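Following: one structure in structure tokens, then a few remarks.
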Amino acid sequence: MPDTQKLLSFLEARILGVLIEKEKTTPDSYPLTLNSLTLGCNQKTAREPVISVPDSEVQMALEELRGRVLVLETYGASGRVLRYAQNFGKVYGVPPASVALLAMLALRGAQTVSELRANCERLYRFDDSSSVEAYLQELAERSSGALVIRLPKQVGSREHRWAHLLCGAVTPASDEISREKGAERRELEERVTRLEMQVAELQAALKDLL
């Protein structure tokens with residue numbers, strides 16, 4: 001029986017999140033090749049935080065996950081290229097709805113019930129917010145060990161946010177620092193985009209003058 005109490009590294013959790021996501025959103029290309037999986041890990045949208053890891057690091061993490069039967073290897077229909085599939089639900093003994101929630105928390109960080117319901121739409125369709133909360137409560141109260149935690153409500157926030165515990169304990173302080181860094185990065189990216197547009201406009205205007 002695989003050891004589900006052993007914590008995952010950040011990259012291992014990201015890999016599992018990507019495999020769970022792509023199984024539902026791009027079924028034609030699933031199981032994923034190493035290259036596709038790396039691209040999914042480094043994706044700049046729907047990821048928090050955004051990372052940049054090489055194939056070699058992803059390969060090392062895959063070996064660890066394969067040893068715990070969380071990832072399965074296959075050659076698929078072509079029989080030529082090695083591909084990877086996730087086995088998370090069976091190893092951890094959780095239903096598809098919980099798998100979707102944990103994947104989304106691993107991919108996007110702490111979120112409110114409303115955010116989770118919206119972000120999980122393509123992975124699992126919840127009837128309402130109360131059903132999302134019910135699954136989260138179940139994950140938080142597992143006798144074999146909690147997989148999620150409800151974070152203290154932030155000042156000015158109407159909802160509590162939830163975080164996964166696959167990589168260990170989450171403190172409100174560290175989570176807040178992570179969110180602040182994410183906000184700073186997004187602001188910087190927006191400023192760079194605006195500057196690039198301004199440069200393009202100036203170049204076009206200069207070309208008209210010459």
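Each chain in the structure tokens gets a letter, A, B, ..., in the order shown, and its residues are numbered from 1; ligands are numbered from 1 in order too.
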Members of chain A assigned strand (DSSP E) by DSSP, as a PyMOL selection string
chain A and resi 32-33+71-74+83-86+111-112+148-150+161-164
Selection: 12 Å around range 113-126 of chain A, only C-alpha atoms, excl. self and same-chain fewer than 6 positions, as a PyMOL selection string
chain A and resi 17-27+46-47+95-107+132-137+150-151+158-163
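Shortest atom-to-atom contact with Leu34 in chain A among A:Val50, A:Ala61, A:Leu188, A:Val69: A:Ala61, counting only C-alpha atoms.
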Find the spatial neighbours of Pro31 in chain A, counting only C-alpha atoms, within a cut-off of 8 Å - ignore same-chain residues fewer than 6 positions away - and output them as a PyMOL selection string.
chain A and resi 19+23+74+76+83-85
Atoms kept (C-alpha atoms) for selection, written as a CSV table (one decimal), in the first residue's frame:
```csv
chain,number,residue,atom,x,y,z
A,19,LEU,CA,-2.0,15.7,-15.0
A,23,GLU,CA,-6.9,14.6,-18.3
A,74,THR,CA,2.5,4.2,-20.6
A,76,GLY,CA,0.0,5.1,-25.3
A,83,ARG,CA,3.7,9.2,-21.4
A,84,TYR,CA,2.5,9.8,-17.9
A,85,ALA,CA,-0.9,9.4,-16.2
```
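Closest approach to Arg68 in chain A among A:Gly168, A:Tyr92, A:Ser131, A:Glu48 is made by A:Tyr92 (distances from only C-alpha atoms).
Note that the spacing between CA of Lys44 in chain A and CA of Arg194 in chain A amounts to 17.6 Å.
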Check the smallest atom-to-atom distance from each of A:Gln43, A:Ser56, A:Ser143, A:Gln86 to Leu70 in chain A using only C-alpha atoms, then report the winner.
A:Gln86
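Across A:Ala146, A:Leu39, A:Ala169, A:Ile15, the tightest approach to Asn87 in chain A is made by A:Ile15 when counting only C-alpha atoms.
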Identify, with DSSP run on backbone atoms, the residues in range 8-155 of chain A assigned to helix (DSSP H, G or I), and express the list as a PyMOL selection string.
chain A and resi 10-25+27-29+34-41+55-67+88-92+96-108+113-119+129-140
Could those residues be written to a file, using C-alpha atoms, as a short mmCIF file (atom, residue, chain, number, x, y, z; two decimals), in the first residue's frame?
```cif
data_model
loop_
_atom_site.label_atom_id
_atom_site.label_comp_id
_atom_site.auth_asym_id
_atom_site.auth_seq_id
_atom_site.Cartn_x
_atom_site.Cartn_y
_atom_site.Cartn_z
CA PHE A 10 5.85 21.60 -4.43
CA LEU A 11 6.83 20.35 -7.90
CA GLU A 12 5.33 16.90 -7.29
CA ALA A 13 2.02 18.52 -6.31
CA ARG A 14 2.18 20.78 -9.38
CA ILE A 15 2.80 17.77 -11.64
CA LEU A 16 -0.18 15.88 -10.23
CA GLY A 17 -2.35 18.98 -10.58
CA VAL A 18 -1.35 19.34 -14.23
CA LEU A 19 -2.04 15.67 -15.00
CA ILE A 20 -5.46 15.83 -13.30
CA GLU A 21 -6.31 19.05 -15.15
CA LYS A 22 -5.15 17.94 -18.60
CA GLU A 23 -6.90 14.58 -18.32
CA LYS A 24 -10.18 16.50 -18.37
CA THR A 25 -9.36 19.56 -20.47
CA PRO A 27 -8.18 14.29 -23.25
CA ASP A 28 -6.86 13.79 -26.80
CA SER A 29 -3.28 14.46 -25.67
CA LEU A 34 7.45 14.80 -20.52
CA ASN A 35 7.55 17.88 -22.75
CA SER A 36 3.79 18.50 -22.49
CA LEU A 37 3.90 17.99 -18.74
CA THR A 38 6.76 20.48 -18.34
CA LEU A 39 4.86 23.03 -20.42
CA GLY A 40 1.83 22.49 -18.19
CA CYS A 41 3.91 23.04 -15.05
CA ASP A 55 12.57 18.85 -18.08
CA SER A 56 15.27 17.31 -15.89
CA GLU A 57 13.63 18.47 -12.64
CA VAL A 58 10.22 17.31 -13.80
CA GLN A 59 11.73 13.92 -14.72
CA MET A 60 13.25 13.54 -11.23
CA ALA A 61 9.92 14.40 -9.58
CA LEU A 62 8.14 11.92 -11.84
CA GLU A 63 10.48 9.15 -10.69
CA GLU A 64 9.53 9.86 -7.08
CA LEU A 65 5.81 9.92 -7.92
CA ARG A 66 6.12 6.71 -9.92
CA GLY A 67 7.71 5.03 -6.92
CA PHE A 88 -4.07 10.25 -7.36
CA GLY A 89 -7.68 9.37 -6.55
CA LYS A 90 -6.99 5.66 -6.08
CA VAL A 91 -3.85 6.14 -3.99
CA TYR A 92 -5.39 8.73 -1.67
CA PRO A 96 -13.42 12.65 -8.31
CA ALA A 97 -14.88 15.82 -6.79
CA SER A 98 -12.17 15.89 -4.13
CA VAL A 99 -9.48 15.12 -6.71
CA ALA A 100 -10.61 18.15 -8.73
CA LEU A 101 -10.55 20.42 -5.66
CA LEU A 102 -7.08 19.30 -4.60
CA ALA A 103 -5.76 19.69 -8.14
CA MET A 104 -7.09 23.24 -8.36
CA LEU A 105 -5.61 24.14 -4.97
CA ALA A 106 -2.26 22.69 -6.08
CA LEU A 107 -2.36 24.67 -9.33
CA ARG A 108 -3.76 28.01 -8.13
CA VAL A 113 -15.36 28.19 -2.07
CA SER A 114 -16.78 30.42 -4.82
CA GLU A 115 -13.44 30.58 -6.61
CA LEU A 116 -12.97 26.82 -6.37
CA ARG A 117 -16.41 26.11 -7.77
CA ALA A 118 -15.75 28.38 -10.76
CA ASN A 119 -12.19 27.18 -11.37
CA SER A 129 -21.23 26.22 -3.27
CA SER A 130 -22.54 24.16 -0.36
CA SER A 131 -21.52 20.93 -2.13
CA VAL A 132 -18.00 22.33 -2.61
CA GLU A 133 -17.84 23.16 1.08
CA ALA A 134 -19.08 19.70 2.03
CA TYR A 135 -16.29 18.01 0.09
CA LEU A 136 -13.74 20.40 1.59
CA GLN A 137 -14.97 19.64 5.11
CA GLU A 138 -14.68 15.94 4.37
CA LEU A 139 -11.08 16.41 3.22
CA ALA A 140 -10.30 18.48 6.31
#
```
